[in-house]
file structure.json (JSON, C-alpha atoms)
[["chain", "number", "residue", "atom", "x", "y", "z"],
["A", 1, "MET", "CA", 7.58, -0.14, -11.57],
["A", 2, "THR", "CA", 4.75, 1.56, -9.76],
["A", 3, "LEU", "CA", 3.94, 4.16, -7.14],
["A", 4, "SER", "CA", 3.24, 2.94, -3.62],
["A", 5, "ILE", "CA", 2.77, 5.23, -0.61],
["A", 6, "ALA", "CA", 2.32, 4.63, 3.12],
["A", 7, "TRP", "CA", 1.54, 7.41, 5.59],
["A", 8, "ILE", "CA", 0.10, 8.11, 9.02],
["A", 9, "ARG", "CA", -3.32, 9.73, 8.69],
["A", 10, "SER", "CA", -4.52, 12.02, 11.47],
["A", 11, "VAL", "CA", -8.25, 12.55, 11.94],
["A", 12, "GLY", "CA", -8.74, 14.71, 15.01],
["A", 13, "GLU", "CA", -6.97, 12.88, 17.81],
["A", 14, "VAL", "CA", -7.14, 9.53, 16.00],
["A", 15, "GLU", "CA", -4.34, 8.13, 13.85],
["A", 16, "GLU", "CA", -4.35, 5.29, 11.33],
["A", 17, "LEU", "CA", -1.79, 3.94, 8.89],
["A", 18, "VAL", "CA", -2.80, 4.12, 5.22],
["A", 19, "PHE", "CA", -1.29, 2.28, 2.26],
["A", 20, "ALA", "CA", -2.13, 3.27, -1.33],
["A", 21, "SER", "CA", -0.84, 2.08, -4.68],
["A", 22, "ASP", "CA", -1.67, 2.03, -8.35],
["A", 23, "SER", "CA", -2.61, -1.30, -10.01],
["A", 24, "ARG", "CA", -0.44, -1.51, -13.14],
["A", 25, "LEU", "CA", 2.07, -4.19, -14.04],
["A", 26, "ARG", "CA", 4.11, -3.82, -17.22],
["A", 27, "ASN", "CA", 5.97, -6.44, -19.24],
["A", 28, "GLY", "CA", 5.65, -5.33, -22.82],
["A", 29, "GLN", "CA", 1.99, -4.63, -22.05],
["A", 30, "ALA", "CA", -0.12, -2.94, -19.39],
["A", 31, "TRP", "CA", -2.13, -5.01, -16.90],
["A", 32, "ASP", "CA", -4.18, -2.67, -14.68],
["A", 33, "CYS", "CA", -5.81, -4.98, -12.14],
["A", 34, "CYS", "CA", -2.90, -6.44, -10.16],
["A", 35, "PRO", "CA", -2.72, -6.50, -6.33],
["A", 36, "LYS", "CA", 0.20, -4.54, -4.88],
["A", 37, "ILE", "CA", -0.85, -4.24, -1.22],
["A", 38, "MET", "CA", -0.82, -7.53, 0.66],
["A", 39, "SER", "CA", -2.62, -8.43, 3.87],
["A", 40, "LEU", "CA", -0.57, -10.48, 6.32],
["A", 41, "PRO", "CA", -1.77, -13.27, 8.64],
["A", 42, "ARG", "CA", -0.95, -11.23, 11.77],
["A", 43, "SER", "CA", -3.40, -8.43, 10.76],
["A", 44, "ASP", "CA", -1.55, -5.57, 12.49],
["A", 45, "CYS", "CA", 0.59, -4.71, 9.46],
["A", 46, "LEU", "CA", 0.64, -4.53, 5.66],
["A", 47, "ILE", "CA", 3.24, -4.75, 2.90],
["A", 48, "SER", "CA", 3.29, -3.22, -0.59],
["A", 49, "PHE", "CA", 5.83, -3.35, -3.37],
["A", 50, "ALA", "CA", 7.22, -1.60, -6.41],
["A", 51, "GLY", "CA", 9.39, -3.16, -9.07],
["A", 52, "ASP", "CA", 10.03, -6.52, -10.67],
["A", 53, "THR", "CA", 7.21, -8.94, -9.84],
["A", 54, "GLN", "CA", 9.47, -11.91, -10.67],
["A", 55, "TYR", "CA", 11.10, -11.15, -7.32],
["A", 56, "ALA", "CA", 8.41, -9.25, -5.43],
["A", 57, "TYR", "CA", 5.61, -11.82, -5.50],
["A", 58, "PRO", "CA", 7.70, -14.87, -4.40],
["A", 59, "LEU", "CA", 9.35, -12.84, -1.63],
["A", 60, "MET", "CA", 6.02, -11.55, -0.27],
["A", 61, "LEU", "CA", 4.30, -14.93, -0.54],
["A", 62, "GLN", "CA", 7.08, -16.65, 1.40],
["A", 63, "MET", "CA", 6.94, -13.87, 4.00],
["A", 64, "ILE", "CA", 3.19, -14.45, 4.38],
["A", 65, "GLN", "CA", 3.73, -18.20, 4.81],
["A", 66, "ALA", "CA", 6.53, -17.65, 7.32],
["A", 67, "ILE", "CA", 4.19, -15.59, 9.49],
["A", 68, "ASP", "CA", 1.32, -18.02, 9.09],
["A", 69, "MET", "CA", 3.49, -20.99, 10.12],
["A", 70, "TYR", "CA", 4.79, -19.37, 13.32],
["A", 71, "ALA", "CA", 2.03, -18.94, 15.90],
["A", 72, "PRO", "CA", 3.74, -16.25, 18.04],
["A", 73, "SER", "CA", 3.86, -14.05, 14.94],
["A", 74, "SER", "CA", 0.48, -14.91, 13.43],
["A", 75, "ASP", "CA", -1.30, -14.18, 16.74],
["A", 76, "ARG", "CA", 0.78, -11.00, 17.29],
["A", 77, "ARG", "CA", 2.61, -12.09, 20.45],
["A", 78, "THR", "CA", 5.77, -10.88, 18.72],
["A", 79, "ASP", "CA", 5.88, -7.20, 17.76],
["A", 80, "ILE", "CA", 5.97, -5.96, 14.16],
["A", 81, "THR", "CA", 9.60, -4.98, 14.71],
["A", 82, "VAL", "CA", 10.35, -8.71, 15.01],
["A", 83, "ALA", "CA", 8.19, -9.47, 11.96],
["A", 84, "LYS", "CA", 10.15, -6.89, 9.96],
["A", 85, "ARG", "CA", 13.46, -8.46, 10.95],
["A", 86, "HIS", "CA", 12.20, -11.95, 10.07],
["A", 87, "ALA", "CA", 10.91, -10.69, 6.69],
["A", 88, "LEU", "CA", 14.40, -9.51, 5.81],
["A", 89, "GLU", "CA", 15.84, -12.90, 6.76],
["A", 90, "VAL", "CA", 13.31, -14.61, 4.48],
["A", 91, "PHE", "CA", 14.03, -12.18, 1.62],
["A", 92, "ASN", "CA", 17.79, -12.68, 1.85],
["A", 93, "GLN", "CA", 17.51, -16.45, 2.17],
["A", 94, "MET", "CA", 15.28, -16.54, -0.93],
["A", 95, "ARG", "CA", 17.85, -14.55, -2.95],
["A", 96, "SER", "CA", 20.64, -16.86, -1.80],
["A", 97, "LEU", "CA", 18.79, -19.87, -3.23],
["A", 98, "ILE", "CA", 18.68, -18.53, -6.80],
["A", 99, "HIS", "CA", 21.01, -20.60, -8.99],
["A", 100, "ASP", "CA", 21.64, -21.92, -12.50],
["A", 101, "PHE", "CA", 22.45, -18.46, -13.83],
["A", 102, "PRO", "CA", 22.95, -17.70, -17.54],
["A", 103, "ARG", "CA", 26.49, -18.03, -18.85],
["A", 104, "GLY", "CA", 28.64, -15.13, -17.69],
["A", 105, "VAL", "CA", 26.34, -14.26, -14.76],
["A", 106, "SER", "CA", 27.58, -15.18, -11.29],
["A", 107, "SER", "CA", 24.90, -13.82, -8.97],
["A", 108, "ALA", "CA", 21.31, -12.65, -8.80],
["A", 109, "GLY", "CA", 22.33, -8.99, -8.64],
["A", 110, "ASP", "CA", 19.86, -6.20, -7.95],
["A", 111, "PRO", "CA", 16.33, -7.63, -7.77],
["A", 112, "GLU", "CA", 14.88, -4.19, -8.60],
["A", 113, "ALA", "CA", 12.02, -4.70, -6.16],
["A", 114, "GLY", "CA", 11.41, -2.48, -3.14],
["A", 115, "PHE", "CA", 8.82, -2.77, -0.38],
["A", 116, "LEU", "CA", 6.97, -0.68, 2.19],
["A", 117, "PHE", "CA", 6.20, -2.51, 5.41],
["A", 118, "GLY", "CA", 4.36, -0.98, 8.33],
["A", 119, "GLY", "CA", 1.86, -1.43, 11.10],
["A", 120, "TYR", "CA", 1.11, -0.71, 14.73],
["A", 121, "SER", "CA", 3.80, -1.62, 17.26],
["A", 122, "TRP", "CA", 2.27, -2.71, 20.57],
["A", 123, "ARG", "CA", 5.70, -2.44, 22.15],
["A", 124, "GLN", "CA", 6.36, 1.15, 21.08],
["A", 125, "GLN", "CA", 2.68, 2.17, 21.06],
["A", 126, "GLU", "CA", 2.92, 3.87, 17.68],
["A", 127, "PHE", "CA", 2.65, 3.30, 13.95],
["A", 128, "LEU", "CA", 5.93, 2.40, 12.26],
["A", 129, "ILE", "CA", 6.86, 2.31, 8.56],
["A", 130, "TRP", "CA", 9.99, 0.88, 6.95],
["A", 131, "GLN", "CA", 11.35, 0.79, 3.42],
["A", 132, "LEU", "CA", 12.74, -2.68, 2.72],
["A", 133, "HIS", "CA", 15.28, -2.29, -0.07],
["A", 134, "TYR", "CA", 18.24, -3.98, -1.71],
["A", 135, "ASP", "CA", 21.64, -2.51, -0.78],
["A", 136, "ALA", "CA", 24.28, -3.32, -3.41],
["A", 137, "SER", "CA", 27.12, -2.44, -1.01],
["A", 138, "ILE", "CA", 26.27, -5.45, 1.17],
["A", 139, "ASP", "CA", 24.42, -7.48, -1.49],
["A", 140, "ARG", "CA", 21.45, -7.92, 0.81],
["A", 141, "TYR", "CA", 18.01, -6.60, 1.57],
["A", 142, "THR", "CA", 18.01, -4.21, 4.49],
["A", 143, "PHE", "CA", 15.65, -1.64, 5.98],
["A", 144, "ARG", "CA", 15.38, 2.10, 6.25],
["A", 145, "PRO", "CA", 13.03, 3.47, 8.95],
["A", 146, "VAL", "CA", 10.69, 6.25, 7.90],
["A", 147, "HIS", "CA", 11.25, 9.38, 9.92],
["A", 148, "LYS", "CA", 8.92, 12.28, 10.49],
["A", 149, "TRP", "CA", 8.22, 14.80, 7.74],
["A", 150, "ALA", "CA", 11.22, 17.04, 7.11],
["A", 151, "LYS", "CA", 9.15, 20.16, 6.38],
["A", 152, "GLY", "CA", 8.96, 21.45, 9.92],
["A", 153, "ASN", "CA", 6.12, 19.25, 11.15],
["A", 154, "SER", "CA", 6.81, 16.23, 13.34],
["A", 155, "LYS", "CA", 3.21, 14.94, 13.02],
["A", 156, "LYS", "CA", 3.70, 13.91, 9.40],
["A", 157, "ALA", "CA", 5.27, 10.57, 8.45],
["A", 158, "ILE", "CA", 5.22, 9.18, 4.90],
["A", 159, "ALA", "CA", 7.13, 6.75, 2.69],
["A", 160, "PHE", "CA", 7.22, 6.29, -1.09],
["A", 161, "THR", "CA", 8.56, 3.56, -3.33],
["A", 162, "GLY", "CA", 8.53, 3.31, -7.11],
["A", 163, "ASP", "CA", 10.03, 5.05, -10.11],
["A", 164, "VAL", "CA", 8.09, 8.33, -9.88],
["A", 165, "THR", "CA", 8.60, 9.15, -6.21],
["A", 166, "VAL", "CA", 10.24, 12.53, -6.88],
["A", 167, "GLU", "CA", 7.23, 13.68, -8.90],
["A", 168, "ALA", "CA", 4.86, 12.39, -6.22],
["A", 169, "LYS", "CA", 6.71, 14.19, -3.42],
["A", 170, "ASN", "CA", 6.74, 17.46, -5.35],
["A", 171, "ARG", "CA", 3.03, 17.20, -6.10],
["A", 172, "LEU", "CA", 2.30, 16.49, -2.43],
["A", 173, "ILE", "CA", 4.33, 19.51, -1.28],
["A", 174, "ASP", "CA", 2.47, 21.75, -3.75],
["A", 175, "LEU", "CA", -0.91, 20.41, -2.62],
["A", 176, "LEU", "CA", -0.13, 20.90, 1.08],
["A", 177, "ARG", "CA", 1.23, 24.38, 0.45],
["A", 178, "ASP", "CA", -1.94, 25.35, -1.45],
["A", 179, "ARG", "CA", -4.05, 24.19, 1.51],
["A", 180, "GLY", "CA", -1.87, 25.82, 4.15],
["A", 181, "LYS", "CA", -0.92, 22.43, 5.61],
["A", 182, "LEU", "CA", 2.74, 22.16, 4.68],
["A", 183, "ARG", "CA", 3.94, 23.02, 8.19],
["A", 184, "ASN", "CA", 0.72, 22.49, 10.14],
["A", 185, "GLY", "CA", -1.19, 19.37, 11.17],
["A", 186, "GLY", "CA", -0.88, 15.83, 9.95],
["A", 187, "PHE", "CA", -1.81, 14.14, 6.70],
["A", 188, "ASP", "CA", -5.39, 13.35, 5.81],
["A", 189, "MET", "CA", -5.87, 11.70, 2.40],
["A", 190, "GLU", "CA", -3.66, 14.13, 0.44],
["A", 191, "PRO", "CA", -1.18, 11.40, -0.60],
["A", 192, "PHE", "CA", -4.08, 9.43, -2.09],
["A", 193, "GLU", "CA", -5.14, 12.53, -4.03],
["A", 194, "VAL", "CA", -1.62, 12.81, -5.46],
["A", 195, "LEU", "CA", -1.68, 9.17, -6.55],
["A", 196, "ARG", "CA", -5.17, 9.58, -8.04],
["A", 197, "ASP", "CA", -4.17, 12.64, -10.04],
["A", 198, "MET", "CA", -0.98, 11.03, -11.33],
["A", 199, "ILE", "CA", -2.96, 8.03, -12.58],
["A", 200, "ARG", "CA", -5.57, 10.23, -14.22],
["A", 201, "SER", "CA", -2.95, 12.38, -15.93],
["A", 202, "ASN", "CA", -1.73, 9.45, -18.09],
["A", 203, "GLU", "CA", 1.73, 11.08, -17.97],
["A", 204, "TYR", "CA", 3.42, 8.13, -16.26],
["A", 205, "PRO", "CA", 3.42, 4.86, -18.28],
["A", 206, "THR", "CA", 4.29, 2.71, -15.25],
["A", 207, "VAL", "CA", 1.48, 4.10, -13.07],
["A", 208, "GLY", "CA", -2.10, 3.18, -13.96],
["A", 209, "GLY", "CA", -5.31, 1.37, -13.10],
["A", 210, "ALA", "CA", -7.56, 2.07, -10.15],
["A", 211, "PRO", "CA", -5.94, 3.12, -6.87],
["A", 212, "GLN", "CA", -5.68, 0.49, -4.15],
["A", 213, "VAL", "CA", -6.15, 1.43, -0.49],
["A", 214, "ALA", "CA", -5.73, -0.44, 2.79],
["A", 215, "LYS", "CA", -5.36, 0.64, 6.41],
["A", 216, "VAL", "CA", -3.99, -0.54, 9.73],
["A", 217, "TYR", "CA", -5.77, 0.55, 12.91],
["A", 218, "ARG", "CA", -4.55, 0.91, 16.48],
["A", 219, "PHE", "CA", -6.66, -2.04, 17.56],
["A", 220, "LEU", "CA", -4.29, -4.27, 15.55],
["A", 221, "ARG", "CA", -6.52, -4.90, 12.55],
["A", 222, "SER", "CA", -6.06, -4.16, 8.87],
["A", 223, "GLN", "CA", -8.76, -3.36, 6.32],
["A", 224, "HIS", "CA", -8.80, -3.24, 2.53],
["A", 225, "PHE", "CA", -11.03, -0.74, 0.72],
["A", 226, "ALA", "CA", -12.66, -0.64, -2.69],
["A", 227, "VAL", "CA", -12.34, 2.50, -4.82],
["A", 228, "ARG", "CA", -14.93, 3.61, -7.35],
["A", 229, "TRP", "CA", -13.14, 4.28, -10.62],
["A", 230, "PRO", "CA", -12.57, 6.34, -12.67],
["A", 231, "ASP", "CA", -14.91, 8.53, -10.61],
["A", 232, "ALA", "CA", -17.77, 8.28, -8.13],
["A", 233, "SER", "CA", -20.10, 6.84, -10.80],
["A", 234, "GLY", "CA", -17.69, 4.05, -11.71],
["A", 235, "LEU", "CA", -17.59, 0.45, -10.57],
["A", 236, "PRO", "CA", -15.98, -0.40, -7.23],
["A", 237, "HIS", "CA", -12.46, -1.73, -7.75],
["A", 238, "ALA", "CA", -10.85, -3.89, -5.05],
["A", 239, "LEU", "CA", -7.06, -4.28, -5.28],
["A", 240, "GLY", "CA", -7.37, -2.81, -8.76],
["A", 241, "ARG", "CA", -9.95, -5.30, -10.05],
["A", 242, "PRO", "CA", -13.44, -4.07, -10.98],
["A", 243, "ALA", "CA", -16.51, -5.82, -9.64],
["A", 244, "LEU", "CA", -17.91, -8.41, -12.03],
["A", 245, "THR", "CA", -20.97, -7.21, -13.98],
["A", 246, "TYR", "CA", -24.02, -8.48, -15.79],
["A", 247, "ALA", "CA", -24.19, -7.93, -19.53],
["A", 248, "SER", "CA", -26.12, -4.71, -20.14],
["A", 249, "ALA", "CA", -27.95, -3.26, -23.11],
["A", 250, "GLU", "CA", -25.87, -1.37, -25.64],
["A", 251, "GLY", "CA", -25.18, 2.14, -24.41],
["A", 252, "GLU", "CA", -26.16, 1.31, -20.84],
["A", 253, "PRO", "CA", -23.65, 1.30, -17.97],
["A", 254, "PRO", "CA", -22.63, -2.13, -16.67],
["A", 255, "VAL", "CA", -24.58, -3.52, -13.73],
["A", 256, "PRO", "CA", -22.38, -5.12, -11.04],
["A", 257, "TYR", "CA", -23.42, -8.43, -9.52],
["A", 258, "GLU", "CA", -20.28, -8.93, -7.46],
["A", 259, "ARG", "CA", -20.36, -7.19, -4.10],
["A", 260, "PHE", "CA", -17.15, -6.43, -2.26],
["A", 261, "ASP", "CA", -17.85, -6.59, 1.47],
["A", 262, "VAL", "CA", -15.44, -3.76, 2.24],
["A", 263, "PRO", "CA", -15.80, 0.02, 2.68],
["A", 264, "VAL", "CA", -15.96, 1.97, -0.59],
["A", 265, "ILE", "CA", -14.04, 5.18, -1.32],
["A", 266, "ASP", "CA", -15.18, 7.96, -3.63],
["A", 267, "PRO", "CA", -11.90, 8.99, -5.32],
["A", 268, "ASP", "CA", -12.91, 12.64, -5.35],
["A", 269, "SER", "CA", -13.91, 12.69, -1.66],
["A", 270, "PRO", "CA", -11.46, 10.12, -0.27],
["A", 271, "GLU", "CA", -11.89, 11.28, 3.31],
["A", 272, "ARG", "CA", -15.44, 9.85, 3.18],
["A", 273, "HIS", "CA", -15.92, 6.07, 3.13],
["A", 274, "SER", "CA", -19.14, 4.12, 2.70],
["A", 275, "ARG", "CA", -20.19, 0.55, 3.38],
["A", 276, "HIS", "CA", -23.24, -1.26, 2.03],
["A", 277, "SER", "CA", -25.64, -1.97, 4.87],
["A", 278, "LYS", "CA", -27.55, -5.24, 5.17],
["A", 279, "GLU", "CA", -30.44, -3.54, 3.45],
["A", 280, "GLY", "CA", -28.21, -2.79, 0.47],
["A", 281, "GLN", "CA", -28.11, 0.96, 1.01],
["A", 282, "ASP", "CA", -25.00, 3.10, 1.41],
["A", 283, "VAL", "CA", -24.25, 4.25, 4.94],
["A", 284, "LEU", "CA", -21.63, 6.99, 4.95],
["A", 285, "TRP", "CA", -18.65, 6.83, 7.23],
["A", 286, "THR", "CA", -17.27, 10.32, 7.52],
["A", 287, "LYS", "CA", -14.40, 11.77, 9.43]]

call {"tool": "encode", "arguments": {"input": "structure.json", "output": "C-alpha cells"}}
result
Amino acid sequence: MTLSIAWIRSVGEVEELVFASDSRLRNGQAWDCCPKIMSLPRSDCLISFAGDTQYAYPLMLQMIQAIDMYAPSSDRRTDITVAKRHALEVFNQMRSLIHDFPRGVSSAGDPEAGFLFGGYSWRQQEFLIWQLHYDASIDRYTFRPVHKWAKGNSKKAIAFTGDVTVEAKNRLIDLLRDRGKLRNGGFDMEPFEVLRDMIRSNEYPTVGGAPQVAKVYRFLRSQHFAVRWPDASGLPHALGRPALTYASAEGEPPVPYERFDVPVIDPDSPERHSRHSKEGQDVLWTK
C-alpha cells in the first residue's frame, strides 16, 4: 500500500491544492523510488494512488491517454468534474475487460487500488478533491467527494488513501492541536510534515522512500517538486528518485550531475521552496 494525501493549502488569501505521497512499492521487497503522483495532459488536476500497482498503473495510464486523445479535455474546455466522471468510466471499462481467470475464480473482484483525484474547477471556481474507490456492493469504481474538515473549521479540506490513514489523521490532529490550529485557519504544509515523520519513523513497512509533492494552482497549471532527502543536505529526489551523481572519493558525499528543473523543498522547512536560477544559485521562494 502507501500513504497518499491531498489537501487545500492556504497561504494568506491564496489557496493551492497539494498532493503528497511516499515512494515505496512492495512485492516481497521494498522499492523506494516509484512515482505515485501522476501529471495529466489537461494540467489543471492531478491523480495519486495507493494499493496494488497491477491495477493502479494500467488504470491511470489509460486515463491519461483518454484525456490526451480528447481535445476538449486536454485543453480544459471540459471541467474537471467531467474528467472525473470519464476517469471512472475508463476504470470500470478496464476492469470489465479482465478475463481468463484462474480455475474457480469468476470475476476480477476487489482491485485493492484507491485513488485521489483533484484540481481546480473553472465551473465552480474552487478546488475539488475526490476519492475514487472500488465499491463491492455495486462491483464498480465510484467516487466520494471530499468535504470540509470536520473539526469545526470549514477552511480545511483533506483526503487520505492508503493503509495507514488512521495513524496519519491522528498525527495530523495532534500536530494541529499543538500549534493551536485545530479549529482555526487552513492547512499549510502540516500534512506533508506528518507524511515526512511517518517515513522517518520506520514504523510503517509499506510507507518509505522520499516524499513526493505536486501542486495545482488556480491558474490551471500543475507543478511537481523535488524534495531533498533524508534532510536538507541530501540529494534532491523527484517523484522519489534521487538525482544521478558522479562517483565521489571514498567518504565524500555524492556530487549530483542531474538537475531537476523544478522547485526544491527542504523537508524540515516545507513551507519554503527554492528553484535554481540560471546562474546556478538558489533563489528562495517563501510564503

call {"tool": "axis_aligned_box", "arguments": {"input": "structure.json", "around": "stretch 16-22 of chain A", "padding_each_side": "8 Å", "output": "lines of an AutoDock Vina configuration file"}}
result
center_x = -2.6
center_y = 3.7
center_z = 1.5
size_x = 19.5
size_y = 19.3
size_z = 35.7

call {"tool": "closest_atom_pairs", "arguments": {"input": "structure.json", "of": "stretch 86-160 of chain A", "to": "stretch 77-80 of chain A", "cutoff": "8 Å", "atoms": "only C-alpha atoms", "output": "Markdown table"}}
result
| residue | atom | partner | partner_atom | distance |
| --- | --- | --- | --- | --- |
| A:Gly118 | CA | A:Ile80 | CA | 7.8 |
| A:Gly119 | CA | A:Ile80 | CA | 6.8 |
| A:Tyr120 | CA | A:Ile80 | CA | 7.2 |
| A:Ser121 | CA | A:Ile80 | CA | 5.8 |
| A:Trp122 | CA | A:Asp79 | CA | 6.4 |
| A:Arg123 | CA | A:Asp79 | CA | 6.5 |

call {"tool": "closest_residue", "arguments": {"input": "structure.json", "among": "A:Phe160, A:Phe260, A:Phe219, A:Trp130", "to": "A:His147", "atoms": "all atoms listed in the file"}}
result
A:Trp130

call {"tool": "residues_around", "arguments": {"input": "structure.json", "residues": "A:Leu59", "least_positions_apart": "5", "cutoff": "10 Å", "atoms": "all atoms listed in the file", "output": "PyMOL selection string"}}
result
chain A and resi 53-54+64+87-88+90-95+113

call {"tool": "atom_distance", "arguments": {"input": "structure.json", "atom1": "atom CA of A:Ala108", "atom2": "atom CA of A:Pro41"}}
result
28.9 Å

call {"tool": "closest_residue", "arguments": {"input": "structure.json", "among": "A:Phe101, A:Phe187, A:Phe19, A:Trp7", "to": "A:Met38", "atoms": "all atoms listed in the file"}}
result
A:Phe19

call {"tool": "atom_distance", "arguments": {"input": "structure.json", "atom1": "atom CA of A:Val262", "atom2": "atom CA of A:Ala238"}}
result
8.6 Å

call {"tool": "residues_around", "arguments": {"input": "structure.json", "residues": "stretch 20-22 of chain A", "least_positions_apart": "5", "cutoff": "10 Å", "atoms": "only C-alpha atoms", "output": "PyMOL selection string"}}
result
chain A and resi 2-7+32-37+48-50+160-162+189+191-192+195-196+198-199+206-215+225+239-240

call {"tool": "atom_distance", "arguments": {"input": "structure.json", "atom1": "atom CA of A:Val164", "atom2": "atom CA of A:Phe143"}}
result
20.2 Å

call {"tool": "residues_around", "arguments": {"input": "structure.json", "residues": "A:Glu13", "least_positions_apart": "2", "cutoff": "12 Å", "atoms": "all atoms listed in the file", "output": "list in words"}}
result
Arg9, Ser10, Val11, Glu15, Glu16, Lys155, Gly185, Gly186 and Lys287 of chain A

call {"tool": "residues_around", "arguments": {"input": "structure.json", "residues": "A:Glu258", "least_positions_apart": "4", "cutoff": "9 Å", "atoms": "all atoms listed in the file", "output": "PyMOL selection string"}}
result
chain A and resi 243-245

call {"tool": "residues_near_point", "arguments": {"input": "structure.json", "point": "(6.6, 4.1, 11.1)", "cutoff": "7 Å", "atoms": "all atoms listed in the file", "output": "ChimeraX atom specification"}}
result
/A:118,127-130,145-146

call {"tool": "write_last_selection", "arguments": {"input": "structure.json", "atoms": "C-alpha atoms", "output": "PDB file, in the frame of the given file"}}
result
ATOM      1  CA  GLY A 118       4.360  -0.980   8.330  1.00  0.00           C
ATOM      2  CA  PHE A 127       2.650   3.300  13.950  1.00  0.00           C
ATOM      3  CA  LEU A 128       5.930   2.400  12.260  1.00  0.00           C
ATOM      4  CA  ILE A 129       6.860   2.310   8.560  1.00  0.00           C
ATOM      5  CA  TRP A 130       9.990   0.880   6.950  1.00  0.00           C
ATOM      6  CA  PRO A 145      13.030   3.470   8.950  1.00  0.00           C
ATOM      7  CA  VAL A 146      10.690   6.250   7.900  1.00  0.00           C
TER       8      VAL A 146
END
